[in-house]
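**Q** My questions will all concern the structure given below.
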Amino acid sequence: MKRLLIAAIIVLTCVLLFVVGNAARTSASLAQQLPKESKEQPKKVKLDTDSLDDKWGEVAFDHENHTTKNYSPDGKALITCVECHHTDQPKANLKPPLVTSERNVALTADVLKDAAAAPVKGCRSCHLQAGDDSKPLPVITKESKQVKLDNEVAYHTNCFVCHDAAIKARPDLATKTSGSDPKGCVKCHVAK
């Protein structure tokens with residue numbers, strides 16, 4: 001009887017691990033690859049699909065939620081496109097360390113409706129994968145060190161600034177987003 005019970009527990013544990021692992025992979029697979037450029041707003045996209053990290057893989061980023069719900073740090077307003085797409089605004093609107101501007105007007109969904117409007121470039125247009133030296137990467141000073149803004153640093157910097165501000169403004173979010181992990185990696189990344 002004990003052997004049967006132990007066998008049942010082992011089988012159920014394996015099934016549970018399989019279901020949880022599949023659920024994480026399925027949610028990530030529902031996201032589309034991030035295009036080089038587009039005039040269409042994606043619903044969900046995969047970020048960091050070729051992460052070099054041994055522990056963490058891609059992120060299924062819900063673009064639709066971030067653009068249609070009150071996801072500002074205080075939870076009272078929509079996030080503007082230029083919070084992430086910082087090159088899509090006039091140069092006069094840039095705040096350090098941002099220096100690259102490619103539009104004369106701030107990007108909005110309405111701007112993209114104009115047939116003559118330039119498409120939105122993907123992050124990789126400037127923020128290449130670490131080790132890709134095909135063109136110079138932007139460099140910032142972070143914690144008194146010069147750091148190349150590859151795609152991983154750019155994503156983490158952008159996401160952490162906003163998420164940390166939201167947790168500061170609404171402390172109740174801390175338990176929802178991070179659990180036992182201070183940065184909440186497991187909430188966004190698929191484990192490898």
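Residue numbering restarts at 1 for every chain of the structure tokens, chains are lettered A, B, ... in their displayed order, and ligands are numbered from 1 as they appear.
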Could you pull the residues within 12 Å of region 133-137 of chain A, counting only C-alpha atoms, minus those fewer than 5 positions along the same chain, as a list in words?

**A**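 The residues satisfying every condition are Cys123, Arg124, Ser125, Cys126, His127, Leu128, Gln146, Val147, Lys148, Leu149, Asp150, Asn151, Val153 and Ala154 of chain A.
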
**Q** So which residues touch region 63-68 of chain A within 8 Å, counting only C-alpha atoms, skipping near sequence neighbours fewer than 4 positions away, as a list in words?

**A**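 Returned residues: Gln41, Pro42, Lys43, Lys44, Val45, Leu78, Ile79, Thr80 and Cys81 of chain A.
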
**Q** Using the chain letters and numbers from this document, which residues of region 38-135 of chain A does DSSP assign to strand (DSSP E), as a VMD selection string?

**A** chain A and resid 38 44 to 47 56 to 62 120 to 121

**Q** Selected residues, C-alpha atoms, written as a PDB file, in the first residue's frame, please.

**A**
ATOM      1  CA  SER A  38       6.105  47.729 -37.980  1.00  0.00           C
ATOM      2  CA  LYS A  44       2.001  40.136 -27.240  1.00  0.00           C
ATOM      3  CA  VAL A  45       5.648  39.898 -28.224  1.00  0.00           C
ATOM      4  CA  LYS A  46       8.618  37.797 -27.209  1.00  0.00           C
ATOM      5  CA  LEU A  47      11.479  39.758 -25.718  1.00  0.00           C
ATOM      6  CA  TRP A  56      16.359  32.944 -17.719  1.00  0.00           C
ATOM      7  CA  GLY A  57      14.905  32.774 -21.212  1.00  0.00           C
ATOM      8  CA  GLU A  58      12.420  34.836 -23.164  1.00  0.00           C
ATOM      9  CA  VAL A  59       9.742  37.175 -21.837  1.00  0.00           C
ATOM     10  CA  ALA A  60       6.191  37.148 -23.140  1.00  0.00           C
ATOM     11  CA  PHE A  61       5.539  40.916 -23.035  1.00  0.00           C
ATOM     12  CA  ASP A  62       1.884  41.947 -23.129  1.00  0.00           C
ATOM     13  CA  VAL A 120       8.191  51.883 -35.371  1.00  0.00           C
ATOM     14  CA  LYS A 121      11.589  50.237 -35.144  1.00  0.00           C
TER      15      LYS A 121
END

**Q** Could you give me the residues within region 109-164 of chain A that DSSP places in alpha helix (DSSP H), as a list in words?

**A**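 Matching residues for alpha helix (DSSP H) in region 109-164 of chain A are Ala109, Asp110, Val111, Leu112, Lys113, Asn151, Glu152, Val153, Ala154, Tyr155, His156, Thr157, Asn158, Cys159, Phe160, Val161, Cys162, His163 and Asp164 of chain A.
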
**Q** Which one of A:Lys55, A:Tyr71, A:Ala191, A:Ala92 sits closest to Cys162 (chain A) if you count only C-alpha atoms?

**A**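 Ranking A:Lys55, A:Tyr71, A:Ala191, A:Ala92 by distance to Cys162 (chain A), first place goes to A:Tyr71.
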
**Q** Please determine, counting only C-alpha atoms, which residue among A:Val139, A:Ala115, A:Ala166, A:Ala77 has the shortest atom-to-atom distance to Pro96 (chain A).

**A**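 Ranked by minimum distance to Pro96 (chain A), first place goes to A:Val139.
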
**Q** Please list as a list in words every residue within 9 Å of His86 (chain A), counting only C-alpha atoms and excluding residues in the same chain fewer than 4 positions away.

**A**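 Listing them by chain and then by number gives Cys81, Val82, Leu94, Leu98, Thr100, Ser101 and Leu107 of chain A.
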
**Q** Of the candidates A:Gln129, A:Gly75, A:Ala116, A:Asp54, which shows the shortest atom-to-atom distance to Ala165 (chain A), using only C-alpha atoms?

**A**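 Distance minimum relative to Ala165 (chain A) lands on A:Gly75.
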
**Q** Taking into account only C-alpha atoms, which residue in the set A:Lys187, A:Ala174, A:Pro119, A:Pro138 is nearest to Pro35 (chain A)?

**A**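 Using only C-alpha atoms, Pro35 (chain A) sits closest to A:Pro119.
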